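Working notes, structure below.
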Amino acid sequence: MMIRGVGRKVPSLLRLSSSSSYTSALAAGRNSWIHTPSIEREAVDERIDVPASLSRGARFQGFLRGEVPRRHMSAVATETHPSVSTDSFFSHVQQAPEDPILGITVAYNNDPNPAKVNLGVGAYRTEEGKPLLLTVLQKAEETLLAKESRNKEYLGITGIPEFNKLSAQLILGSDCPAIAEKRVSTVQCLSGTGSLRVGGEFLARHYGGQKIIYVPVPTWGNHLKIFPLAGLETRTYRYYDPKTKGLDYAGMVEDLRAAPSGAVVLLHACAHNPTGVDPTQEQWEGIRRVIREEKQLLPFFDSAYQGFASGSLDTDAWAVRRFVNDGGEVFVAQSYAKNMGLYGERVGALSVIVKGADVATRVESQLKQVIRPMYSSPPTHGAAIVASILADKDLLEEWKVELKGMADRIISMRHQLFDALKERKTPGNWDHILNQIGMFTFTGLNKEQVEYMRREHHIYMTLDGRISMAGLSSRTVPQLADAIHSAVTKFSS
Ligand code: KET
């Protein structure tokens with residue numbers, strides 16, 4: 001019988017994963033709901049998708065015995081194959097909710113109204129509302145395509161060596177002492193998300209400190225999924241103060257001081273998502289002192305917007321470089337999705353900066369152990385484009401100009417939206433539209449207002465009130481201002 005077949009398979013799978021010493025080591029630092037065998041973990045991770053009437057243990061034991069709740073069995077039409085079982089192994093699977101960010105695009109695409117505006121996902125659009133293919137990218141791509149030596153061989157596990165070297169230089173600075181001292185190992189990963197995940201899994205296996213990562217409140221929603229699934233207990237620190245619409249510096253520092261020594265701290269390198277609120281250089285210095293001097297914490301930077309905050313690649317890497325240049329250990333996840341417009345090519349890098357060249361070599365060998373069973377090796381095309389731009393002085397300069405152009409257009413959108421709300425005498429203080437930086441404005445609009453704007457004005461944004469300024473244009477600013485005006489007039493915050 002089919003179900004008994006599963007019953008035989010599952011325990012052997014469990015024996016494999018739970019008896020190996022590697023998995024026990026992995027599990028040792030995990031919090032309780034992650035420290036479970038792989039099959040059960042999946043059930044727990046998707047807690048809401050499992051029948052609530054059964055306790056977790058009972059559900060799992062029942063599953064191992066091949067018991068599927070009767071009401072979760074669906075009848076599959078079998079008229080043509082009467083000998084095939086009518087039960088699906090998947091009839092208990094419940095519909096998962098859409099992703100809070102990427103699901104906005106799905107809803108937007110389903111809206112037939114021609115006036116719709118997508119301000120959900122952080123993706124750059126031109127004044128015409130179109131995706132932008134950077135000119136420098138097209139040039140680099142044409143040169144690559146014309147190369148006779150071009151092939152589609154596998155890359156090594158860590159990707160294109162030249163790409164890794166240049167990526168480390170881009171974020172750490174070409175004069176970075178840690179690079180000269182060979183204390184950096186950089187591996188090409190699947191964009192920012194993949195870099196975070198590989199870094200998280202490496203920490204879960206090998207970190208000598210506390211396998212706990214602190215993330216800001218609020219943060220990019222995917223952090224809250226990536227790190228627990230990587231095997232790190234995930235906790236939060238205060239970051240944003242809704243009253244001031246600015247940084248809760250005192251709260252942040254207090255929470256970091258209260259963290260156990262050796263914990264990991266996720267920091268947004270620049271252009272904090274979703275708030276657009278970054279620490280000043282002086283505040284960064286205070287944060288660094290707590291992390292390095294008062295506590296032994298490990299900074300893990302997520303750099304998804306280098307160049308987008310200020311228009312300068314160096315300015316936006318200031319905080320990362322400050323931490324690396326004090327000689328301490330740092331993790332950095334880089335993404336080229338936004339700053340090179342390579343969203344779908346999935347190009348990124350993870351750099352691990354440690355205290356000795358010998359440690360760096362061993363770390364890299366273990367990063368390969370994380371990557372190989374996950375996706376074996378990364379894709380070639382996007383990283384080859386990036387490497388050829390970063391390696392060529394002229395292309396690099398051209399990229400910087402185009403990047404500054406994108407950052408400037410976003411800043412101009414901030415001014416236009418601010419002026420439009422002022423013109424309409426929209427109730428409330430909107431200074432934060434000008435003060436926040438990067439791709440997003442954290443408007444302060446509540447869920448009811450956001451839903452109203454979607455329903456009545458066909459404006460799509462995340463439910464937390466975040467708008468992607470990069471999705472706005474001079475044409476759509478008045479529409480957004482009208483919608484905000486109407487929403488705040490109708491529903492108080
Ligand atoms: N970190 C942060 C802070 C971030 O905002 C994103 C993407 C990523 C990492 C990952 O990007 P990747 O495409 O894997 O390089 N944020 C936008 C898109 C998304 O949610 O996937 C967003 O917030 O809209």
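Residues are referred to by chain and number: the chain letter is A, B, ... according to the order shown in the structure tokens, the number counts from 1 in that chain, and ligands are numbered separately from 1 in the order shown.
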**Item:** Shell of 10 Å around Gln479 of chain A, only C-alpha atoms, local chain residues under 6 positions omitted, as a list in words
**Value:** Ala115, Lys116, Val117, Leu417, Ala420, His457, His458, Ile459 and His485 of chain A
Based on the selection just made, write all heavy atoms of those residues as a PDB file, in the first residue's frame.
```pdb
ATOM      1  N   ALA A 115      -5.049  52.104 -14.246  1.00  0.00           N
ATOM      2  CA  ALA A 115      -4.411  53.166 -13.446  1.00  0.00           C
ATOM      3  C   ALA A 115      -3.605  52.614 -12.270  1.00  0.00           C
ATOM      4  O   ALA A 115      -3.064  53.373 -11.467  1.00  0.00           O
ATOM      5  CB  ALA A 115      -5.491  54.117 -12.933  1.00  0.00           C
ATOM      6  N   LYS A 116      -3.504  51.284 -12.176  1.00  0.00           N
ATOM      7  CA  LYS A 116      -2.842  50.685 -11.009  1.00  0.00           C
ATOM      8  C   LYS A 116      -1.359  51.085 -10.925  1.00  0.00           C
ATOM      9  O   LYS A 116      -0.701  51.300 -11.947  1.00  0.00           O
ATOM     10  CB  LYS A 116      -2.977  49.168 -11.065  1.00  0.00           C
ATOM     11  CG  LYS A 116      -2.303  48.538 -12.267  1.00  0.00           C
ATOM     12  CD  LYS A 116      -2.633  47.058 -12.376  1.00  0.00           C
ATOM     13  CE  LYS A 116      -2.023  46.456 -13.635  1.00  0.00           C
ATOM     14  NZ  LYS A 116      -2.221  45.024 -13.752  1.00  0.00           N
ATOM     15  N   VAL A 117      -0.867  51.175  -9.683  1.00  0.00           N
ATOM     16  CA  VAL A 117       0.532  51.545  -9.458  1.00  0.00           C
ATOM     17  C   VAL A 117       1.134  50.551  -8.460  1.00  0.00           C
ATOM     18  O   VAL A 117       0.571  50.343  -7.381  1.00  0.00           O
ATOM     19  CB  VAL A 117       0.647  52.971  -8.850  1.00  0.00           C
ATOM     20  CG1 VAL A 117       2.113  53.373  -8.698  1.00  0.00           C
ATOM     21  CG2 VAL A 117      -0.098  53.989  -9.701  1.00  0.00           C
ATOM     22  N   LEU A 417       6.689  64.060  -3.857  1.00  0.00           N
ATOM     23  CA  LEU A 417       5.583  63.549  -3.039  1.00  0.00           C
ATOM     24  C   LEU A 417       5.341  64.458  -1.839  1.00  0.00           C
ATOM     25  O   LEU A 417       4.187  64.777  -1.504  1.00  0.00           O
ATOM     26  CB  LEU A 417       5.893  62.112  -2.571  1.00  0.00           C
ATOM     27  CG  LEU A 417       4.826  61.471  -1.684  1.00  0.00           C
ATOM     28  CD1 LEU A 417       3.478  61.363  -2.416  1.00  0.00           C
ATOM     29  CD2 LEU A 417       5.260  60.074  -1.210  1.00  0.00           C
ATOM     30  N   ALA A 420       3.566  67.526  -2.995  1.00  0.00           N
ATOM     31  CA  ALA A 420       2.174  67.242  -3.388  1.00  0.00           C
ATOM     32  C   ALA A 420       1.274  67.124  -2.155  1.00  0.00           C
ATOM     33  O   ALA A 420       0.121  67.573  -2.165  1.00  0.00           O
ATOM     34  CB  ALA A 420       2.122  65.956  -4.207  1.00  0.00           C
ATOM     35  N   HIS A 457      -7.946  53.159  -4.869  1.00  0.00           N
ATOM     36  CA  HIS A 457      -7.043  53.933  -5.739  1.00  0.00           C
ATOM     37  C   HIS A 457      -6.081  53.057  -6.539  1.00  0.00           C
ATOM     38  O   HIS A 457      -5.258  53.570  -7.279  1.00  0.00           O
ATOM     39  CB  HIS A 457      -6.252  54.941  -4.900  1.00  0.00           C
ATOM     40  CG  HIS A 457      -7.109  55.996  -4.273  1.00  0.00           C
ATOM     41  ND1 HIS A 457      -7.319  57.236  -4.852  1.00  0.00           N
ATOM     42  CD2 HIS A 457      -7.833  55.986  -3.141  1.00  0.00           C
ATOM     43  CE1 HIS A 457      -8.122  57.945  -4.080  1.00  0.00           C
ATOM     44  NE2 HIS A 457      -8.467  57.209  -3.031  1.00  0.00           N
ATOM     45  N   HIS A 458      -6.162  51.758  -6.357  1.00  0.00           N
ATOM     46  CA  HIS A 458      -5.317  50.799  -7.095  1.00  0.00           C
ATOM     47  C   HIS A 458      -3.832  51.065  -6.886  1.00  0.00           C
ATOM     48  O   HIS A 458      -3.018  50.896  -7.788  1.00  0.00           O
ATOM     49  CB  HIS A 458      -5.694  50.791  -8.582  1.00  0.00           C
ATOM     50  CG  HIS A 458      -7.143  50.500  -8.774  1.00  0.00           C
ATOM     51  ND1 HIS A 458      -7.649  49.232  -8.805  1.00  0.00           N
ATOM     52  CD2 HIS A 458      -8.210  51.346  -8.862  1.00  0.00           C
ATOM     53  CE1 HIS A 458      -8.971  49.294  -8.919  1.00  0.00           C
ATOM     54  NE2 HIS A 458      -9.332  50.562  -8.950  1.00  0.00           N
ATOM     55  N   ILE A 459      -3.513  51.512  -5.669  1.00  0.00           N
ATOM     56  CA  ILE A 459      -2.109  51.706  -5.315  1.00  0.00           C
ATOM     57  C   ILE A 459      -1.687  50.555  -4.420  1.00  0.00           C
ATOM     58  O   ILE A 459      -2.306  50.291  -3.396  1.00  0.00           O
ATOM     59  CB  ILE A 459      -1.907  53.070  -4.643  1.00  0.00           C
ATOM     60  CG1 ILE A 459      -2.081  54.134  -5.725  1.00  0.00           C
ATOM     61  CG2 ILE A 459      -0.536  53.165  -3.978  1.00  0.00           C
ATOM     62  CD1 ILE A 459      -1.968  55.528  -5.292  1.00  0.00           C
ATOM     63  N   HIS A 485      -3.982  61.367   0.827  1.00  0.00           N
ATOM     64  CA  HIS A 485      -4.825  62.421   1.406  1.00  0.00           C
ATOM     65  C   HIS A 485      -6.194  61.853   1.802  1.00  0.00           C
ATOM     66  O   HIS A 485      -6.689  62.049   2.913  1.00  0.00           O
ATOM     67  CB  HIS A 485      -4.982  63.572   0.413  1.00  0.00           C
ATOM     68  CG  HIS A 485      -5.716  64.741   0.989  1.00  0.00           C
ATOM     69  ND1 HIS A 485      -5.077  65.764   1.657  1.00  0.00           N
ATOM     70  CD2 HIS A 485      -7.041  65.026   1.059  1.00  0.00           C
ATOM     71  CE1 HIS A 485      -5.963  66.629   2.106  1.00  0.00           C
ATOM     72  NE2 HIS A 485      -7.172  66.208   1.744  1.00  0.00           N
TER      73      HIS A 485
END
```
**Request:** Residues up to 7 Å from ligand 1, counting only C-alpha atoms and all ligand atoms: could you list those as a PyMOL selection string?
**Result:** chain A and resi 101-102+120-123+190-194+220+222+268+272-273+302-304+335-337+343+346-348
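Each of A:Arg235, A:Arg205, A:Lys139, A:Arg183 was checked against Val217 of chain A using only C-alpha atoms; the smallest atom-to-atom distance is that of A:Arg235.
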**Prompt:** In terms of the shortest atom-to-atom distance over only C-alpha atoms, which of A:Ala483, A:Ile433, A:Ala407, A:Val290 is closest to Glu451 of chain A?
**Reply:**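 Closest candidate: A:Ala483.
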**Message:** Applying 10 Å and only C-alpha atoms, which residues near segment 307-316 of chain A remain after dropping the ones on its own chain fewer than 4 positions away? List them as a PyMOL selection string.
**Reply:** chain A and resi 170-173+269-272+276+278+303+320-321+338-340+400-408+410-411+436-440
**Item:** Among listed residues A:Leu256, A:Ala230, A:Met374, A:Ala263, nearest Gln210 of chain A (using only C-alpha atoms)
**Value:** A:Ala263
**Request:** Measuring atom to atom with only C-alpha atoms, identify which of A:Gly129, A:Gly382, A:Pro373, A:Gly341 is nearest to Leu472 of chain A.
**Result:**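 Answer, going by the shortest atom-to-atom distance: A:Gly129.
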**Asked** Which of these, A:Gly344, A:Gly199, A:Gly286, A:Pro177, has the shortest distance to Leu266 of chain A once you count only C-alpha atoms?
**Response**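 With only C-alpha atoms as the atom set, the closest residue is A:Gly199.
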If DSSP is run on the backbone, what residues of segment 126-217 of chain A are strand (DSSP E or B)? A reply as a compact mmCIF listing (two decimals) with all heavy atoms, in the first residue's frame would be ideal.
```
# COMPACT_ATOMS: atom_id res chain seq x y z
N PRO A 131 11.00 48.78 -16.10
CA PRO A 131 12.26 48.29 -15.51
C PRO A 131 13.43 48.89 -16.27
O PRO A 131 13.32 49.15 -17.48
CB PRO A 131 12.19 46.79 -15.73
CG PRO A 131 10.78 46.48 -16.05
CD PRO A 131 10.18 47.70 -16.65
N VAL A 184 39.98 37.51 4.43
CA VAL A 184 38.61 37.57 3.90
C VAL A 184 38.37 36.37 3.01
O VAL A 184 39.16 36.11 2.10
CB VAL A 184 38.41 38.85 3.05
CG1 VAL A 184 36.97 38.97 2.58
CG2 VAL A 184 38.84 40.09 3.83
N SER A 185 37.28 35.64 3.24
CA SER A 185 36.90 34.66 2.21
C SER A 185 35.54 35.06 1.66
O SER A 185 34.60 35.30 2.42
CB SER A 185 36.94 33.22 2.71
OG SER A 185 36.21 33.11 3.85
N THR A 186 35.51 35.15 0.35
CA THR A 186 34.29 35.60 -0.33
C THR A 186 33.80 34.50 -1.25
O THR A 186 34.58 33.92 -2.00
CB THR A 186 34.57 36.88 -1.16
OG1 THR A 186 35.13 37.85 -0.29
CG2 THR A 186 33.30 37.43 -1.79
N VAL A 187 32.51 34.21 -1.16
CA VAL A 187 31.92 33.20 -2.05
C VAL A 187 30.73 33.80 -2.79
O VAL A 187 29.94 34.53 -2.21
CB VAL A 187 31.48 31.94 -1.26
CG1 VAL A 187 32.68 31.21 -0.70
CG2 VAL A 187 30.52 32.27 -0.13
N GLN A 188 30.67 33.51 -4.08
CA GLN A 188 29.53 33.97 -4.89
C GLN A 188 28.29 33.19 -4.47
O GLN A 188 28.33 31.96 -4.35
CB GLN A 188 29.85 33.71 -6.37
CG GLN A 188 28.77 34.16 -7.33
CD GLN A 188 29.04 33.65 -8.74
OE1 GLN A 188 30.20 33.50 -9.14
NE2 GLN A 188 27.98 33.38 -9.49
N CYS A 189 27.21 33.92 -4.24
CA CYS A 189 25.97 33.25 -3.81
C CYS A 189 24.78 33.73 -4.65
O CYS A 189 24.93 34.62 -5.48
CB CYS A 189 25.68 33.53 -2.34
SG CYS A 189 26.87 32.82 -1.21
N LEU A 190 23.62 33.17 -4.37
CA LEU A 190 22.42 33.53 -5.12
C LEU A 190 21.83 34.82 -4.54
O LEU A 190 20.96 34.79 -3.67
CB LEU A 190 21.39 32.41 -5.07
CG LEU A 190 21.89 31.04 -5.54
CD1 LEU A 190 20.74 30.05 -5.60
CD2 LEU A 190 22.55 31.14 -6.89
N ILE A 212 22.67 32.64 18.13
CA ILE A 212 21.47 33.48 18.23
C ILE A 212 21.74 34.70 17.36
O ILE A 212 22.81 35.29 17.45
CB ILE A 212 21.26 33.97 19.68
CG1 ILE A 212 21.17 32.80 20.65
CG2 ILE A 212 20.03 34.87 19.78
CD1 ILE A 212 21.21 33.23 22.11
N ILE A 213 20.77 35.07 16.52
CA ILE A 213 20.96 36.29 15.73
C ILE A 213 19.89 37.31 16.11
O ILE A 213 18.71 36.96 16.23
CB ILE A 213 20.99 35.99 14.21
CG1 ILE A 213 21.41 37.25 13.43
CG2 ILE A 213 19.67 35.46 13.68
CD1 ILE A 213 21.88 36.96 12.00
N TYR A 214 20.32 38.52 16.33
CA TYR A 214 19.41 39.62 16.66
C TYR A 214 19.14 40.42 15.38
O TYR A 214 20.08 40.82 14.70
CB TYR A 214 20.04 40.53 17.72
CG TYR A 214 19.91 39.97 19.11
CD1 TYR A 214 20.73 38.93 19.53
CD2 TYR A 214 18.94 40.44 19.98
CE1 TYR A 214 20.59 38.39 20.81
CE2 TYR A 214 18.79 39.90 21.25
CZ TYR A 214 19.63 38.88 21.66
OH TYR A 214 19.49 38.34 22.90
N VAL A 215 17.87 40.65 15.08
CA VAL A 215 17.50 41.44 13.91
C VAL A 215 16.69 42.66 14.38
O VAL A 215 16.04 42.60 15.42
CB VAL A 215 16.69 40.62 12.87
CG1 VAL A 215 17.47 39.40 12.39
CG2 VAL A 215 15.34 40.18 13.42
N PRO A 216 16.74 43.75 13.62
CA PRO A 216 16.01 44.95 14.07
C PRO A 216 14.50 44.81 13.93
O PRO A 216 14.02 44.01 13.15
CB PRO A 216 16.53 46.04 13.14
CG PRO A 216 17.06 45.33 11.93
CD PRO A 216 17.50 43.98 12.38
N VAL A 217 13.79 45.63 14.70
CA VAL A 217 12.32 45.72 14.56
C VAL A 217 11.99 47.11 14.04
O VAL A 217 12.32 48.09 14.69
CB VAL A 217 11.61 45.54 15.91
CG1 VAL A 217 10.09 45.70 15.72
CG2 VAL A 217 11.91 44.21 16.53
```
**Message:** Can you tell me, as a VMD selection string, which residues in segment 116-244 of chain A count as helix (DSSP H, G or I) by DSSP?
**Reply:** chain A and resid 135 to 146 161 to 172 177 to 180 191 to 206 223 to 230
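Straight-line separation from atom CA of Arg125 of chain A to atom CA of Met413 of chain A: 11.7 Å.
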**Request:** Show which residues sit within 9 Å of Phe418 of chain A, as a PyMOL selection string. Count only C-alpha atoms, and ignore same-chain residues fewer than 4 positions away.
**Result:** chain A and resi 413-414+422-423+430-431+433-434+481
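Going from atom CA of Leu395 of chain A to atom CA of Leu145 of chain A covers 16.3 Å.
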**Message:** I'd like to know which of A:Thr135, A:Ser468, A:Gln95, A:Ser377 is closest to Thr441 of chain A, using only C-alpha atoms.
**Reply:**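 Closest to Thr441 of chain A, using only C-alpha atoms: A:Ser468.
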**Fill in**
Correct to one decimal, the distance atom CA of Lys368 of chain A-atom CA of Phe163 of chain A is 16.4 Å
